[in-house]
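Q: Following this line is data_9.pdb, made up of PDB, C-alpha atoms:
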ATOM      1  CA  MET S 174      19.408 219.627 -32.432
ATOM      2  CA  SER S 175      20.942 220.487 -29.939
ATOM      3  CA  THR S 176      24.475 220.875 -30.116
ATOM      4  CA  ILE S 177      21.062 220.771 -32.285
ATOM      5  CA  ARG S 178      23.807 220.525 -34.138
ATOM      6  CA  GLY S 179      22.724 221.033 -34.538
ATOM      7  CA  ILE S 180      24.582 217.962 -38.103
ATOM      8  CA  HIS S 181      27.092 219.596 -36.407
ATOM      9  CA  ARG S 182      30.964 222.638 -40.695
ATOM     10  CA  GLY S 183      32.132 226.076 -39.616
ATOM     11  CA  ALA S 184      35.049 226.368 -42.045
ATOM     12  CA  ALA S 185      32.873 225.202 -44.904
ATOM     13  CA  PHE S 186      30.480 228.002 -44.251
ATOM     14  CA  GLY S 187      32.732 231.009 -44.419
ATOM     15  CA  LEU S 188      31.103 231.479 -47.800
ATOM     16  CA  ILE S 189      27.760 232.326 -46.225
ATOM     17  CA  ALA S 190      29.081 235.340 -44.353
ATOM     18  CA  ALA S 191      28.246 237.533 -47.310
ATOM     19  CA  LEU S 192      24.626 236.553 -46.929
ATOM     20  CA  SER S 193      24.507 237.621 -43.292
ATOM     21  CA  LEU S 194      23.700 241.143 -42.220
ATOM     22  CA  THR S 195      25.192 240.467 -38.825
ATOM     23  CA  ALA S 196      27.237 237.694 -37.303
ATOM     24  CA  CYS S 197      26.933 238.402 -33.624
ATOM     25  CA  GLY S 198      24.621 237.150 -30.924
ATOM     26  CA  GLY S 199      23.200 239.463 -28.309
ATOM     27  CA  GLY S 200      23.396 243.218 -28.218
ATOM     28  CA  ASP S 201      20.427 245.516 -28.659
ATOM     29  CA  ASP S 202      18.872 243.308 -31.337
ATOM     30  CA  SER S 203      17.593 240.910 -28.677
ATOM     31  CA  ASP S 204      14.856 243.357 -27.739
ATOM     32  CA  SER S 205      14.117 244.810 -31.155
ATOM     33  CA  ASN S 206      11.003 244.259 -33.205
ATOM     34  CA  PRO S 207      11.218 241.321 -35.655
ATOM     35  CA  LEU S 208       9.589 243.489 -38.301
ATOM     36  CA  THR S 209      12.373 245.902 -39.104
ATOM     37  CA  GLY S 210      12.296 249.047 -41.159
ATOM     38  CA  ASP S 211      13.426 248.950 -44.761
ATOM     39  CA  SER S 212      17.026 248.608 -45.704
ATOM     40  CA  ALA S 213      18.341 250.964 -48.346
ATOM     41  CA  GLY S 214      16.658 250.489 -51.674
ATOM     42  CA  SER S 215      14.114 247.970 -50.459
ATOM     43  CA  GLY S 216      11.066 250.158 -50.958
ATOM     44  CA  SER S 217       8.143 250.415 -48.591
ATOM     45  CA  GLY S 218       6.982 247.863 -46.067
ATOM     46  CA  LYS S 219       8.465 245.773 -43.284
ATOM     47  CA  SER S 220      11.048 242.985 -43.231
ATOM     48  CA  ILE S 221      10.940 239.618 -41.450
ATOM     49  CA  VAL S 222      14.180 238.825 -39.614
ATOM     50  CA  VAL S 223      15.326 235.267 -40.360
ATOM     51  CA  GLY S 224      18.037 234.016 -38.022
ATOM     52  CA  SER S 225      20.392 231.051 -37.844
ATOM     53  CA  ALA S 226      22.752 229.324 -35.442
ATOM     54  CA  ASN S 227      26.498 229.165 -35.953
ATOM     55  CA  PHE S 228      26.835 226.054 -38.093
ATOM     56  CA  PRO S 229      26.479 225.626 -41.848
ATOM     57  CA  GLU S 230      23.432 223.376 -42.011
ATOM     58  CA  ASN S 231      21.354 225.734 -39.895
ATOM     59  CA  GLN S 232      22.522 228.701 -41.938
ATOM     60  CA  LEU S 233      21.536 226.834 -45.099
ATOM     61  CA  LEU S 234      18.085 226.115 -43.681
ATOM     62  CA  ALA S 235      17.717 229.782 -42.778
ATOM     63  CA  GLU S 236      18.641 230.717 -46.343
ATOM     64  CA  ILE S 237      16.013 228.271 -47.654
ATOM     65  CA  TYR S 238      13.438 229.905 -45.378
ATOM     66  CA  ALA S 239      14.504 233.383 -46.456
ATOM     67  CA  GLN S 240      14.304 232.629 -50.179
ATOM     68  CA  ALA S 241      10.924 230.933 -49.818
ATOM     69  CA  LEU S 242       9.544 233.978 -47.985
ATOM     70  CA  GLU S 243      10.987 236.310 -50.604
ATOM     71  CA  ALA S 244       9.394 234.221 -53.348
ATOM     72  CA  LYS S 245       6.034 235.060 -51.759
ATOM     73  CA  GLY S 246       6.770 238.777 -52.022
ATOM     74  CA  LEU S 247       7.798 239.180 -48.383
ATOM     75  CA  LYS S 248      10.817 241.236 -47.384
ATOM     76  CA  VAL S 249      13.525 239.501 -45.381
ATOM     77  CA  THR S 250      16.478 240.572 -43.258
ATOM     78  CA  ARG S 251      19.080 237.842 -42.735
ATOM     79  CA  LYS S 252      20.721 237.548 -39.329
ATOM     80  CA  PHE S 253      22.866 234.440 -39.577
ATOM     81  CA  ASP S 254      25.641 232.856 -37.491
ATOM     82  CA  ILE S 255      24.278 234.141 -34.169
ATOM     83  CA  GLY S 256      25.587 231.375 -31.924
ATOM     84  CA  ALA S 257      24.218 228.472 -29.925
ATOM     85  CA  ARG S 258      20.651 228.129 -28.648
ATOM     86  CA  GLU S 259      21.721 229.575 -25.326
ATOM     87  CA  VAL S 260      22.324 232.831 -27.236
ATOM     88  CA  TYR S 261      19.629 233.020 -29.910
ATOM     89  CA  TYR S 262      16.552 231.553 -28.196
ATOM     90  CA  ASP S 263      15.820 234.612 -26.070
ATOM     91  CA  GLN S 264      16.151 236.794 -29.149
ATOM     92  CA  VAL S 265      13.326 234.880 -30.802
ATOM     93  CA  VAL S 266      11.167 234.956 -27.659
ATOM     94  CA  LYS S 267      11.686 238.721 -27.279
ATOM     95  CA  GLY S 268      11.068 239.405 -30.955
ATOM     96  CA  GLY S 269      14.538 240.293 -32.161
ATOM     97  CA  ILE S 270      14.227 237.401 -34.628
ATOM     98  CA  GLY S 271      11.004 236.505 -36.420
ATOM     99  CA  VAL S 272      11.814 233.118 -38.003
ATOM    100  CA  PHE S 273      14.364 230.490 -36.976
ATOM    101  CA  PRO S 274      15.038 226.938 -38.254
ATOM    102  CA  GLU S 275      14.968 224.812 -35.119
ATOM    103  CA  TYR S 276      15.375 221.135 -34.208
ATOM    104  CA  ASN S 277      12.340 220.221 -32.130
ATOM    105  CA  GLY S 278      13.825 217.765 -29.638
ATOM    106  CA  ALA S 279      16.828 219.923 -28.874
ATOM    107  CA  LEU S 280      14.639 223.006 -28.535
ATOM    108  CA  LEU S 281      12.469 221.256 -25.958
ATOM    109  CA  ALA S 282      15.285 219.677 -23.969
ATOM    110  CA  THR S 283      17.731 222.581 -23.881
ATOM    111  CA  ALA S 284      15.532 225.676 -23.812
ATOM    112  CA  VAL S 285      11.919 224.902 -22.935
ATOM    113  CA  ASP S 286      11.834 221.979 -20.474
ATOM    114  CA  LYS S 287      15.109 220.361 -19.466
ATOM    115  CA  THR S 288      13.206 217.724 -17.476
ATOM    116  CA  SER S 289      11.155 216.496 -20.434
ATOM    117  CA  THR S 290      11.394 212.810 -21.300
ATOM    118  CA  ALA S 291       9.601 213.094 -24.657
ATOM    119  CA  THR S 292      11.497 211.437 -27.486
ATOM    120  CA  SER S 293       9.072 211.045 -30.422
ATOM    121  CA  THR S 294       8.242 213.808 -32.873
ATOM    122  CA  THR S 295       4.571 213.739 -31.879
ATOM    123  CA  ASP S 296       5.229 213.908 -28.130
ATOM    124  CA  ILE S 297       7.934 216.549 -28.469
ATOM    125  CA  ASN S 298       5.761 218.836 -30.565
ATOM    126  CA  ALA S 299       2.800 218.389 -28.227
ATOM    127  CA  GLU S 300       4.939 219.507 -25.299
ATOM    128  CA  LEU S 301       6.384 222.431 -27.219
ATOM    129  CA  LYS S 302       2.926 223.683 -28.114
ATOM    130  CA  LYS S 303       1.960 223.611 -24.443
ATOM    131  CA  LYS S 304       5.164 224.973 -22.941
ATOM    132  CA  LEU S 305       6.609 227.544 -25.343
ATOM    133  CA  PRO S 306       6.272 231.190 -24.263
ATOM    134  CA  SER S 307       3.106 232.805 -25.603
ATOM    135  CA  SER S 308       5.060 235.096 -27.926
ATOM    136  CA  VAL S 309       6.315 232.233 -30.100
ATOM    137  CA  GLU S 310       5.080 229.045 -31.733
ATOM    138  CA  ILE S 311       6.365 226.162 -33.808
ATOM    139  CA  LEU S 312       5.030 225.460 -37.286
ATOM    140  CA  ASP S 313       4.967 222.086 -39.044
ATOM    141  CA  SER S 314       7.956 219.796 -38.554
ATOM    142  CA  ALA S 315       9.789 218.371 -41.558
ATOM    143  CA  ALA S 316      10.580 214.697 -41.925
ATOM    144  CA  ALA S 317      14.189 215.898 -42.163
ATOM    145  CA  GLU S 318      16.138 215.167 -39.032
ATOM    146  CA  ASP S 319      19.669 215.959 -37.901
ATOM    147  CA  LYS S 320      20.537 214.409 -34.566
ATOM    148  CA  ASP S 321      23.423 214.728 -32.188
ATOM    149  CA  SER S 322      25.575 211.644 -31.929
ATOM    150  CA  VAL S 323      28.613 210.255 -30.213
ATOM    151  CA  THR S 324      30.744 209.028 -33.067
ATOM    152  CA  VAL S 325      34.057 207.172 -33.170
ATOM    153  CA  THR S 326      36.397 205.915 -35.860
ATOM    154  CA  SER S 327      36.066 202.344 -37.023
ATOM    155  CA  GLU S 328      39.472 201.651 -35.442
ATOM    156  CA  THR S 329      38.324 202.915 -32.045
ATOM    157  CA  ALA S 330      35.084 200.972 -32.332
ATOM    158  CA  ALA S 331      37.037 197.779 -33.034
ATOM    159  CA  LYS S 332      39.610 198.437 -30.285
ATOM    160  CA  TYR S 333      36.995 198.845 -27.552
ATOM    161  CA  ASN S 334      34.213 196.755 -29.113
ATOM    162  CA  LEU S 335      31.897 199.754 -29.280
ATOM    163  CA  LYS S 336      28.434 199.502 -30.792
ATOM    164  CA  THR S 337      26.216 201.485 -28.417
ATOM    165  CA  LEU S 338      26.609 204.377 -26.017
ATOM    166  CA  ALA S 339      26.362 201.896 -23.149
ATOM    167  CA  ASP S 340      29.548 200.206 -24.378
ATOM    168  CA  LEU S 341      31.485 203.370 -23.536
ATOM    169  CA  LYS S 342      30.957 203.054 -19.784
ATOM    170  CA  PRO S 343      34.056 200.971 -18.931
ATOM    171  CA  VAL S 344      36.421 202.740 -21.345
ATOM    172  CA  ALA S 345      35.340 206.384 -21.577
ATOM    173  CA  LYS S 346      37.610 207.356 -18.687
ATOM    174  CA  ASP S 347      40.559 206.688 -20.991
ATOM    175  CA  MET S 348      39.104 208.738 -23.853
ATOM    176  CA  THR S 349      38.715 212.383 -24.843
ATOM    177  CA  ILE S 350      35.449 213.557 -26.373
ATOM    178  CA  GLY S 351      35.318 216.603 -28.613
ATOM    179  CA  ALA S 352      32.166 218.692 -28.956
ATOM    180  CA  GLY S 353      30.722 222.172 -28.948
ATOM    181  CA  SER S 354      31.331 223.760 -25.555
ATOM    182  CA  GLU S 355      27.637 223.676 -24.637
ATOM    183  CA  PHE S 356      27.515 219.864 -25.068
ATOM    184  CA  LYS S 357      29.240 219.403 -21.704
ATOM    185  CA  THR S 358      26.359 220.855 -19.676
ATOM    186  CA  ARG S 359      23.364 219.752 -21.734
ATOM    187  CA  THR S 360      21.025 216.923 -20.804
ATOM    188  CA  GLN S 361      21.332 215.727 -24.407
ATOM    189  CA  GLY S 362      25.096 215.801 -23.973
ATOM    190  CA  GLY S 363      27.579 215.188 -21.193
ATOM    191  CA  VAL S 364      25.007 215.390 -18.394
ATOM    192  CA  GLY S 365      22.749 212.825 -20.046
ATOM    193  CA  LEU S 366      25.603 210.512 -20.940
ATOM    194  CA  LYS S 367      26.420 210.290 -17.240
ATOM    195  CA  THR S 368      22.865 209.980 -15.878
ATOM    196  CA  VAL S 369      21.405 207.745 -18.611
ATOM    197  CA  TYR S 370      24.390 205.569 -19.521
ATOM    198  CA  GLY S 371      26.863 206.079 -16.661
ATOM    199  CA  VAL S 372      29.422 207.344 -19.172
ATOM    200  CA  GLU S 373      32.054 209.850 -18.066
ATOM    201  CA  PHE S 374      34.866 210.760 -20.427
ATOM    202  CA  GLY S 375      38.336 211.348 -19.065
ATOM    203  CA  LYS S 376      38.722 214.636 -20.922
ATOM    204  CA  PHE S 377      36.484 217.075 -22.761
ATOM    205  CA  GLN S 378      37.778 219.055 -25.742
ATOM    206  CA  PRO S 379      35.478 222.046 -26.337
ATOM    207  CA  LEU S 380      35.106 223.614 -29.770
ATOM    208  CA  ASP S 381      32.784 226.117 -31.343
ATOM    209  CA  ALA S 382      29.561 224.404 -32.414
ATOM    210  CA  GLY S 383      30.303 225.319 -36.020
ATOM    211  CA  ALA S 384      33.704 223.642 -36.063
ATOM    212  CA  GLN S 385      32.553 220.225 -37.250
ATOM    213  CA  SER S 386      35.270 220.039 -39.906
ATOM    214  CA  THR S 387      37.891 220.612 -37.205
ATOM    215  CA  LEU S 388      36.206 218.043 -35.004
ATOM    216  CA  LEU S 389      36.368 215.461 -37.783
ATOM    217  CA  LYS S 390      40.100 216.114 -38.215
ATOM    218  CA  LEU S 391      40.713 215.704 -34.489
ATOM    219  CA  LEU S 392      38.750 212.462 -34.478
ATOM    220  CA  LYS S 393      40.514 210.977 -37.502
ATOM    221  CA  SER S 394      43.938 211.919 -36.093
ATOM    222  CA  ASP S 395      43.024 210.321 -32.727
ATOM    223  CA  LYS S 396      43.493 213.607 -30.860
ATOM    224  CA  VAL S 397      39.967 212.973 -29.617
ATOM    225  CA  GLN S 398      38.607 209.433 -29.494
ATOM    226  CA  ALA S 399      34.911 210.354 -29.632
ATOM    227  CA  ALA S 400      33.061 213.325 -31.048
ATOM    228  CA  ASN S 401      29.631 214.916 -31.116
ATOM    229  CA  ILE S 402      29.084 214.758 -34.871
ATOM    230  CA  TYR S 403      25.765 215.787 -36.410
ATOM    231  CA  THR S 404      24.231 212.841 -38.222
ATOM    232  CA  THR S 405      23.806 214.614 -41.574
ATOM    233  CA  ASP S 406      27.536 215.331 -41.792
ATOM    234  CA  PRO S 407      28.823 213.720 -45.016
ATOM    235  CA  GLY S 408      32.088 212.847 -43.270
ATOM    236  CA  ILE S 409      30.379 210.019 -41.381
ATOM    237  CA  VAL S 410      29.917 207.964 -44.539
ATOM    238  CA  GLU S 411      33.034 209.132 -46.368
ATOM    239  CA  ASP S 412      35.376 208.379 -43.473
ATOM    240  CA  LYS S 413      33.538 205.190 -42.432
ATOM    241  CA  LEU S 414      32.907 206.526 -38.949
ATOM    242  CA  VAL S 415      30.755 204.659 -36.441
ATOM    243  CA  VAL S 416      27.756 206.444 -34.928
ATOM    244  CA  LEU S 417      27.155 204.691 -31.625
ATOM    245  CA  GLU S 418      23.609 203.421 -31.196
ATOM    246  CA  ASP S 419      21.420 205.117 -28.609
ATOM    247  CA  PRO S 420      19.004 202.436 -27.325
ATOM    248  CA  LYS S 421      17.754 204.605 -24.430
ATOM    249  CA  ASN S 422      16.985 207.572 -26.710
ATOM    250  CA  LEU S 423      19.226 210.076 -24.972
ATOM    251  CA  PHE S 424      19.172 212.042 -28.216
ATOM    252  CA  SER S 425      15.503 212.616 -29.007
ATOM    253  CA  SER S 426      13.881 213.235 -32.394
ATOM    254  CA  GLN S 427      15.408 216.307 -34.012
ATOM    255  CA  ASN S 428      13.072 217.276 -36.823
ATOM    256  CA  VAL S 429      13.723 220.553 -38.610
ATOM    257  CA  THR S 430      10.932 222.833 -37.362
ATOM    258  CA  PRO S 431      10.320 226.555 -37.880
ATOM    259  CA  LEU S 432      10.194 228.533 -34.639
ATOM    260  CA  VAL S 433       8.455 231.875 -35.198
ATOM    261  CA  TYR S 434       7.664 235.029 -33.293
ATOM    262  CA  LYS S 435       3.909 235.138 -33.753
ATOM    263  CA  SER S 436       3.487 238.789 -34.629
ATOM    264  CA  ALA S 437       6.298 238.609 -37.211
ATOM    265  CA  VAL S 438       4.602 236.161 -39.575
ATOM    266  CA  ASP S 439       1.278 236.261 -41.376
ATOM    267  CA  ASP S 440      -0.592 233.426 -43.047
ATOM    268  CA  THR S 441       1.428 233.829 -46.242
ATOM    269  CA  ALA S 442       4.697 233.428 -44.365
ATOM    270  CA  LYS S 443       3.399 230.445 -42.398
ATOM    271  CA  ALA S 444       2.244 228.728 -45.590
ATOM    272  CA  ALA S 445       5.661 229.232 -47.186
ATOM    273  CA  LEU S 446       7.472 227.759 -44.191
ATOM    274  CA  ASN S 447       5.065 224.843 -43.833
ATOM    275  CA  GLY S 448       5.522 224.166 -47.541
ATOM    276  CA  ILE S 449       9.238 223.649 -46.920
ATOM    277  CA  SER S 450       8.547 221.262 -44.031
ATOM    278  CA  ALA S 451       6.201 219.233 -46.241
ATOM    279  CA  LYS S 452       9.006 218.572 -48.739
ATOM    280  CA  LEU S 453      12.286 218.467 -46.797
ATOM    281  CA  THR S 454      13.790 215.039 -46.046
ATOM    282  CA  THR S 455      16.895 213.863 -44.229
ATOM    283  CA  GLU S 456      18.266 212.653 -47.558
ATOM    284  CA  ASP S 457      17.850 216.182 -48.911
ATOM    285  CA  LEU S 458      19.885 217.554 -46.005
ATOM    286  CA  VAL S 459      22.673 215.038 -46.524
ATOM    287  CA  GLU S 460      22.883 215.833 -50.244
ATOM    288  CA  MET S 461      22.903 219.570 -49.630
ATOM    289  CA  MET S 462      25.594 219.233 -46.980
ATOM    290  CA  LYS S 463      27.753 217.316 -49.458
ATOM    291  CA  LYS S 464      27.469 220.229 -51.867
ATOM    292  CA  LEU S 465      28.388 222.713 -49.158
ATOM    293  CA  VAL S 466      31.162 220.823 -47.422
ATOM    294  CA  ASN S 467      32.709 218.746 -50.180
ATOM    295  CA  ASP S 468      31.982 220.709 -53.333
ATOM    296  CA  LYS S 469      32.269 224.161 -51.707
ATOM    297  CA  GLU S 470      29.128 225.344 -53.451
ATOM    298  CA  ASP S 471      27.542 228.638 -52.475
ATOM    299  CA  ALA S 472      24.806 228.248 -49.858
ATOM    300  CA  SER S 473      22.460 230.605 -51.655
ATOM    301  CA  ALA S 474      22.760 228.548 -54.833
ATOM    302  CA  VAL S 475      22.263 225.265 -52.971
ATOM    303  CA  ALA S 476      19.146 226.659 -51.306
ATOM    304  CA  LYS S 477      17.738 227.929 -54.602
ATOM    305  CA  GLU S 478      18.428 224.615 -56.326
ATOM    306  CA  TRP S 479      16.565 222.657 -53.651
ATOM    307  CA  LEU S 480      13.614 225.061 -53.547
ATOM    308  CA  THR S 481      13.326 224.843 -57.328
ATOM    309  CA  SER S 482      13.546 221.053 -57.404
ATOM    310  CA  ALA S 483      10.872 220.881 -54.679
ATOM    311  CA  GLY S 484       8.578 223.077 -56.732
ATOM    312  CA  LEU S 485       8.529 225.823 -54.104
ATOM    313  CA  VAL S 486      10.066 228.569 -56.247
ATOM    314  CA  SER S 487      10.302 229.014 -59.992
TER     315      SER S 487
END
Can the structure from this file be put into structure tokens for me?
A:
Amino acid sequence: MSTIRGIHRGAAFGLIAALSLTACGGGDDSDSNPLTGDSAGSGSGKSIVVGSANFPENQLLAEIYAQALEAKGLKVTRKFDIGAREVYYDQVVKGGIGVFPEYNGALLATAVDKTSTATSTTDINAELKKKLPSSVEILDSAAAEDKDSVTVTSETAAKYNLKTLADLKPVAKDMTIGAGSEFKTRTQGGVGLKTVYGVEFGKFQPLDAGAQSTLLKLLKSDKVQAANIYTTDPGIVEDKLVVLEDPKNLFSSQNVTPLVYKSAVDDTAKAALNGISAKLTTEDLVEMMKKLVNDKEDASAVAKEWLTSAGLVS
């Protein structure tokens, strides 16, 4: 996911701040060891740093990872709400973060190889395994997927007869698109819309990547006429929004995939993370996001409920 995304949210996740030991990206942590010393009262041993990006779904996934690792007797330090991939990726590569919930296609296209044309899960993961820095690796991908999209209201779709991204070409100049600020310069974003579909929007309204709830409000009030909404956002169905089809696969497969600093995880940790990937579906993500965004449930409780229902914790 690029602007995983990352389905795209920020306001709904103020509740997770209490779970985070830090909410900043950068600083000295980027060069620190992913196996930290004990926090007060944690006893002996080392702690795996689990990080997340700055949007609720990714923070939820990080909490799922953290609880699953803890259930295996491993100690975890949570470092959530770091920022976009442009901020956190180097921290993982350098070892400041040991485990991160990634979106494979966005990881490849925005951080590893911006020239890649891989679109399928199999091809994307094959390229990642060849091209990632030697300090890190991906584990098993989940079936769960949260893709970037260009989404419009049903009224806008009817007004301009919009069904696919290609349909935007003659009318985008009269429209404003809202998205996370990094969307403008990403291949799976503004750059790709221009090169793949010939689409150039008249105006770009940048927001923080976590501000999906704000983005939805702007879209529904017609202050922006298109928006980069993550496809697991429950607002798409509830507000009868139209996700424009992407026949040329500008937005590649975006399977939830653990990215790990190799020396931070042992076989027990890898098995726990792969166990999550074996169970997690897109439908699960959508249901969990409804609980977070609509029902205002606590992220820790949502994570625990899913892990229990999947048989991964007792």
Q: For the provided coordinates, the residues matched by the PyMOL selection byres ((chain S and resi 278) around 8) should be stated as a ChimeraX atom specification.
A: /S:174-175,276-277,279-282,292,294,297,424-428
Q: Let's have the selection written as a PDB file, in the coordinates of the input, with C-alpha atoms.
A:
ATOM      1  CA  MET S 174      19.408 219.627 -32.432  1.00  0.00           C
ATOM      2  CA  SER S 175      20.942 220.487 -29.939  1.00  0.00           C
ATOM      3  CA  TYR S 276      15.375 221.135 -34.208  1.00  0.00           C
ATOM      4  CA  ASN S 277      12.340 220.221 -32.130  1.00  0.00           C
ATOM      5  CA  ALA S 279      16.828 219.923 -28.874  1.00  0.00           C
ATOM      6  CA  LEU S 280      14.639 223.006 -28.535  1.00  0.00           C
ATOM      7  CA  LEU S 281      12.469 221.256 -25.958  1.00  0.00           C
ATOM      8  CA  ALA S 282      15.285 219.677 -23.969  1.00  0.00           C
ATOM      9  CA  THR S 292      11.497 211.437 -27.486  1.00  0.00           C
ATOM     10  CA  THR S 294       8.242 213.808 -32.873  1.00  0.00           C
ATOM     11  CA  ILE S 297       7.934 216.549 -28.469  1.00  0.00           C
ATOM     12  CA  PHE S 424      19.172 212.042 -28.216  1.00  0.00           C
ATOM     13  CA  SER S 425      15.503 212.616 -29.007  1.00  0.00           C
ATOM     14  CA  SER S 426      13.881 213.235 -32.394  1.00  0.00           C
ATOM     15  CA  GLN S 427      15.408 216.307 -34.012  1.00  0.00           C
ATOM     16  CA  ASN S 428      13.072 217.276 -36.823  1.00  0.00           C
TER      17      ASN S 428
END
Q: With only C-alpha atoms as the atoms that count, which of S:Gln398, S:Ser293, S:Ser314, S:Gln361 lies nearest to Glu328 in chain S?
A: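 Counting only C-alpha atoms, the residue closest to Glu328 in chain S is S:Gln398.
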Q: Find the distance between CA of Lys248 in chain S and CA of Leu485 in chain S and write it in Å to one decimal.
A: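 Answer for the CA of Lys248 in chain S to CA of Leu485 in chain S separation: 17.0 Å.
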Q: Just say which residues the PyMOL selection byres ((chain S and resi 430) around 10) picks in this file, as a list of chain:residue names.
A: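 Written out, the selection comes to S:Phe273, S:Pro274, S:Glu275, S:Tyr276, S:Asn277, S:Gly278, S:Leu280, S:Asn298, S:Ile311, S:Leu312, S:Asp313, S:Ser314, S:Ala315, S:Ala316, S:Ala317, S:Glu318, S:Gln427, S:Asn428, S:Val429, S:Pro431, S:Leu432, S:Val433, S:Leu446, S:Asn447, S:Ile449, S:Ser450.
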Q: Nearest residue to Thr290 in chain S out of S:Val438, S:Leu423, S:Ala352, S:Ala339, using only C-alpha atoms?
A: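 Selected residue with least distance to Thr290 in chain S: S:Leu423.
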Q: Can you tell me, as a PyMOL selection string, what residues are no more than 8 Å from Val223 in chain S when counting all atoms listed in the file, ignoring any on the same chain fewer than 5 positions away?
A: chain S and resi 235+238-239+249-253+270-273
Q: Can you measure CA of Lys463 in chain S to CA of Gln378 in chain S for me? One decimal in Å is fine.
A: 25.8 Å
Q: When distances are computed from all atoms listed in the file, which of S:Ala437, S:Leu366, S:Leu389, S:Ala384 shows the smallest separation from Glu230 in chain S?
A: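 Smallest distance to Glu230 in chain S is found for S:Ala384.
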Q: Taking the block above, write range 425-442 of chain S with N, CA and C atoms as a JSON list (two decimals), in the first residue's frame.
A:
[["chain", "number", "residue", "atom", "x", "y", "z"],
["S", 425, "SER", "N", -0.80, -1.98, -8.00],
["S", 425, "SER", "CA", -0.49, -3.41, -8.02],
["S", 425, "SER", "C", -1.10, -4.11, -6.81],
["S", 426, "SER", "N", -0.91, -5.44, -6.74],
["S", 426, "SER", "CA", -1.36, -6.20, -5.58],
["S", 426, "SER", "C", -0.76, -5.61, -4.31],
["S", 427, "GLN", "N", -1.56, -5.54, -3.27],
["S", 427, "GLN", "CA", -1.12, -4.92, -2.02],
["S", 427, "GLN", "C", -1.44, -5.86, -0.86],
["S", 428, "ASN", "N", -0.84, -7.01, -0.87],
["S", 428, "ASN", "CA", -1.07, -7.98, 0.20],
["S", 428, "ASN", "C", -0.35, -7.58, 1.47],
["S", 429, "VAL", "N", -1.01, -7.75, 2.60],
["S", 429, "VAL", "CA", -0.39, -7.49, 3.89],
["S", 429, "VAL", "C", 0.75, -8.49, 4.08],
["S", 430, "THR", "N", 1.96, -7.97, 4.31],
["S", 430, "THR", "CA", 3.16, -8.81, 4.33],
["S", 430, "THR", "C", 4.12, -8.32, 5.41],
["S", 431, "PRO", "N", 4.54, -9.17, 6.33],
["S", 431, "PRO", "CA", 5.51, -8.73, 7.33],
["S", 431, "PRO", "C", 6.87, -8.44, 6.71],
["S", 432, "LEU", "N", 7.41, -7.26, 7.00],
["S", 432, "LEU", "CA", 8.78, -6.92, 6.65],
["S", 432, "LEU", "C", 9.57, -6.96, 7.94],
["S", 433, "VAL", "N", 10.67, -7.73, 7.97],
["S", 433, "VAL", "CA", 11.40, -7.91, 9.22],
["S", 433, "VAL", "C", 12.89, -7.65, 9.04],
["S", 434, "TYR", "N", 13.48, -7.12, 10.09],
["S", 434, "TYR", "CA", 14.93, -7.01, 10.18],
["S", 434, "TYR", "C", 15.42, -8.39, 10.63],
["S", 435, "LYS", "N", 16.24, -9.01, 9.83],
["S", 435, "LYS", "CA", 16.54, -10.44, 10.00],
["S", 435, "LYS", "C", 17.04, -10.80, 11.40],
["S", 436, "SER", "N", 17.95, -10.00, 11.92],
["S", 436, "SER", "CA", 18.53, -10.37, 13.21],
["S", 436, "SER", "C", 17.60, -10.10, 14.38],
["S", 437, "ALA", "N", 16.44, -9.47, 14.12],
["S", 437, "ALA", "CA", 15.50, -9.15, 15.20],
["S", 437, "ALA", "C", 14.52, -10.28, 15.48],
["S", 438, "VAL", "N", 14.38, -11.21, 14.55],
["S", 438, "VAL", "CA", 13.34, -12.24, 14.69],
["S", 438, "VAL", "C", 13.95, -13.64, 14.61],
["S", 439, "ASP", "N", 13.51, -14.50, 15.49],
["S", 439, "ASP", "CA", 13.93, -15.90, 15.44],
["S", 439, "ASP", "C", 12.83, -16.74, 14.81],
["S", 440, "ASP", "N", 13.01, -18.04, 14.81],
["S", 440, "ASP", "CA", 12.03, -18.91, 14.17],
["S", 440, "ASP", "C", 10.66, -18.84, 14.84],
["S", 441, "THR", "N", 10.66, -18.64, 16.15],
["S", 441, "THR", "CA", 9.38, -18.53, 16.87],
["S", 441, "THR", "C", 8.62, -17.30, 16.40],
["S", 442, "ALA", "N", 9.32, -16.18, 16.28],
["S", 442, "ALA", "CA", 8.68, -14.95, 15.83],
["S", 442, "ALA", "C", 8.18, -15.10, 14.39]]
